[in-house]
Every structure is written in C-alpha cells, then in structure tokens.
Amino acid sequence: KRMKKILLLLPVFFLCISANAQKFIQIEDKAFNFGAKVGVNSTFPIVNSLTIDDVKAENIRLQYKVGYQASVFCRINIDRFFIQPDLSWYHTKGDILFSMPQNTESNLADSNTPETDLLQLKTTSLEMPVMIGYYLVKEGPYALSMMVGPKVKYNYKVRYTTHFSEVTNEYINDSTPFELGIATGLGVSIWRLFFEFTYEFGLNKVESDFKDKSSQNPIERNISIDKRTNMMSFSLGFLF
C-alpha cells in the first residue's frame with residue numbers, strides 16, 4: 001500500500017518540480033540587459049591582388065584557420081526588437097597560397113622547384129558592431145532571433161609571414177587601417193544561455209603595404225595586398 005501511495009504521488013511531485021523549474025528559467029522582459037560571449041572564427045578574405053616586390057602573384061588560393069574572440073555587450077529591448085552594441089576582441093589567422101611568375105617559369109626547367117609559396121596572416125583587432133535584432137520565436141525560456149548591423153574594425157596588430165623556398169620572412173605594416181563591414185547572424189537562446197552564428201563581409205577594400213621586419217635578412221621583400229574581409233564566427237554567451 002505504501003508503495004502504491006508513493007507511485008501515485010510521484011507524478012504530482014514531478015509536475016511540481018517541472019512547474020517550479022519552468023518558473024525559474026522563465027526570462028522576464030527587461031528594458032536593458034548586458035552579457036558576455038566567447039567563441040571561434042574562421043576567416044577567408046577575398047584577395048583582389050597580391051604584389052611582392054612589384055611582381056603580381058598568380059594562382060591565389062586561400063586556406064582558413066581557426067581564430068578566437070571575446071565580447072561584452074549590452075542589449076536594449078523594444079518588444080520583439082532589440083539593439084545590441086558590442087565591444088569585441090578578435091584574433092584571426094589564415095594562409096594564402098600563391099605562385100610567382102618567375103617560379104612558374106623555373107618549374108619548366110627544374111621540376112624540383114616548389115610551385116607554391118605560402119603567406120601566413122595573423123591579425124589582432126578591436127571591433128564594434130551595432131546589431132539590430134528581431135525575435136522570430138520568443139516563448140518561455142526559448143528564443144530564436146536574427147540580427148544585422150554595421151561593424152567598425154580597428155586592426156592594431158597585423159603580421160604576415162612568408163615562406164619562399166625554405167626562407168622565412170616576417171613582415172609588419174606601420175599603418176593600422178580601419179575597416180567597415182556588415183554583419184548578420186542568428187541566435188538561439190535557452191534561458192539565459194545563447195549560441196550565435198555570425199557572418200561578416202567587408203564593405204571597403206583594405207590596401208596594406210608591408211616591409212620586412214628584419215633589415216639584416218639578405219632577402220628583403222615588400223608586400224602589398226588588396227583584400228576584403230570575409231569571416232564566419234560561432235560564439236557561446238550568457239545574458240544577465
């Protein structure tokens with residue numbers, strides 16, 4: 001009998017727990033929230049031209065690498081809409097594969113000469129996107145939102161490393177260009193945890209001139225690159 005009573009009371013017990021849990025994770029509408037997020041990114045810039053010592057590179061190909069990022073933000077809520085300015089720190093990496101015309105010619109005479117040269121790119125930047133979002137779904141603790149907005153980027157540290165026939169050079173640029181882009185994304189929330197996917201495309205071309213970091217290197221080259229930003233990022237965050 002006692003066991004039957006326990007079995008009869010179990011459904012009531014779980015219903016009470018479920019109701020209390022639902023009440024606990026229910027998000028109250030606030031006019032203002034702030035939050036933080038961390039994530040990874042993958043950049044594959046659109047390279048319009050690459051010039052080394054006034055010689056234009058050929059057969060340009062891209063290989064993406066995983067970078068990382070961190071952001072703090074605030075969110076102003078207006079019914080189903082929200083405005084979200086971010087302050088973000090990004091570290092991005094990528095490889096550019098290419099061949100020089102003189103290398104292509106030498107390959108006809110010497111098949112042992114490598115056909116492909118490598119340019120490694122590392123950029124550290126501060127970014128400030130201002131996203132305008134809309135909740136497609138906003139039911140209880142669950143939400144699905146879409147966002148779009150402009151982004152301003154300040155590249156405060158840019159490093160290129162080249163590998164020409166086993167000779168490695170590191171390049172730096174004196175300029176720290178600003179970039180302007182447009183970002184769009186989707187966000188999925190469960191209670192105050194959320195997951196975001198964002199795609200960013202650069203609106204302006206960025207032309208950068210680089211000089212060899214080591215003046216003692218016997219082979220000194222100058223690099224000029226014309227490109228646009230093209231990046232995807234994934235992040236996990238918490239909304240306070």
# chains A, B, ... in the order shown; residues from 1 in each chain; ligands from 1

$ residues_around --residues "stretch 53-55 of chain A" --least-positions-apart "2" --cutoff "8 Å" --atoms "only C-alpha atoms" --output "list in words"
Thr51, Ala57, Met100, Pro101, Arg221, Asn222 and Ile223 of chain A

$ write_last_selection --atoms "C-alpha atoms" --output "PDB file, in the first residue's frame"
ATOM      1  CA  THR A  51      52.076  42.059 -55.104  1.00  0.00           C
ATOM      2  CA  ALA A  57      51.245  36.907 -57.646  1.00  0.00           C
ATOM      3  CA  MET A 100      55.112  33.939 -58.605  1.00  0.00           C
ATOM      4  CA  PRO A 101      55.624  34.220 -62.383  1.00  0.00           C
ATOM      5  CA  ARG A 221      60.821  41.934 -49.950  1.00  0.00           C
ATOM      6  CA  ASN A 222      57.933  44.370 -49.819  1.00  0.00           C
ATOM      7  CA  ILE A 223      54.348  43.112 -49.877  1.00  0.00           C
TER       8      ILE A 223
END

$ closest_residue --among "A:Lys151, A:Arg80, A:Arg159, A:His91" --to "A:Tyr135" --atoms "only C-alpha atoms"
A:Arg80

$ atom_distance --atom1 "atom CA of A:Leu203" --atom2 "atom CA of A:Thr161"
25.7 Å

$ closest_residue --among "A:Asp226, A:Glu200, A:Glu179, A:Glu139" --to "A:Ile52" --atoms "only C-alpha atoms"
A:Asp226

$ residues_around --residues "A:Ser88" --least-positions-apart "5" --cutoff "10 Å" --atoms "only C-alpha atoms" --output "mmCIF file with N, CA and C atoms, in the first residue's frame"
data_model
loop_
_atom_site.group_PDB
_atom_site.id
_atom_site.type_symbol
_atom_site.label_atom_id
_atom_site.label_comp_id
_atom_site.auth_asym_id
_atom_site.auth_seq_id
_atom_site.Cartn_x
_atom_site.Cartn_y
_atom_site.Cartn_z
ATOM 1 N N ALA A 36 28.052 38.637 -22.011
ATOM 2 C CA ALA A 36 29.406 38.356 -22.477
ATOM 3 C C ALA A 36 29.379 37.066 -23.284
ATOM 4 N N LYS A 37 30.335 36.926 -24.194
ATOM 5 C CA LYS A 37 30.395 35.723 -25.023
ATOM 6 C C LYS A 37 31.828 35.482 -25.479
ATOM 7 N N VAL A 38 32.133 34.234 -25.733
ATOM 8 C CA VAL A 38 33.426 33.825 -26.271
ATOM 9 C C VAL A 38 33.153 32.885 -27.442
ATOM 10 N N GLN A 69 37.888 34.717 -30.169
ATOM 11 C CA GLN A 69 37.315 36.033 -29.927
ATOM 12 C C GLN A 69 36.621 36.080 -28.575
ATOM 13 N N ALA A 70 36.399 37.298 -28.088
ATOM 14 C CA ALA A 70 35.678 37.520 -26.832
ATOM 15 C C ALA A 70 34.972 38.863 -26.929
ATOM 16 N N SER A 71 33.775 38.959 -26.337
ATOM 17 C CA SER A 71 32.969 40.174 -26.454
ATOM 18 C C SER A 71 32.207 40.453 -25.172
ATOM 19 N N VAL A 72 31.952 41.725 -24.937
ATOM 20 C CA VAL A 72 30.970 42.167 -23.947
ATOM 21 C C VAL A 72 29.978 43.052 -24.700
ATOM 22 N N PHE A 73 28.718 43.037 -24.250
ATOM 23 C CA PHE A 73 27.705 43.778 -24.989
ATOM 24 C C PHE A 73 26.580 44.196 -24.057
ATOM 25 N N SER A 125 42.509 42.507 -33.577
ATOM 26 C CA SER A 125 41.714 43.712 -33.805
ATOM 27 C C SER A 125 40.706 43.932 -32.693
ATOM 28 N N LEU A 126 40.270 45.189 -32.581
ATOM 29 C CA LEU A 126 39.142 45.573 -31.748
ATOM 30 C C LEU A 126 37.993 45.924 -32.681
ATOM 31 N N GLU A 127 36.802 45.430 -32.369
ATOM 32 C CA GLU A 127 35.667 45.632 -33.263
ATOM 33 C C GLU A 127 34.446 46.102 -32.472
ATOM 34 N N MET A 128 33.630 46.900 -33.146
ATOM 35 C CA MET A 128 32.417 47.408 -32.510
ATOM 36 C C MET A 128 31.244 47.273 -33.476
ATOM 37 N N PRO A 129 30.544 46.153 -33.426
ATOM 38 C CA PRO A 129 29.315 46.027 -34.207
ATOM 39 C C PRO A 129 28.122 46.600 -33.441
ATOM 40 N N LYS A 153 35.971 48.042 -37.493
ATOM 41 C CA LYS A 153 37.096 47.235 -37.035
ATOM 42 C C LYS A 153 38.368 48.072 -37.033
#

$ closest_residue --among "A:Lys157, A:Lys93, A:Lys56, A:Lys138" --to "A:Phe44" --atoms "only C-alpha atoms"
A:Lys93
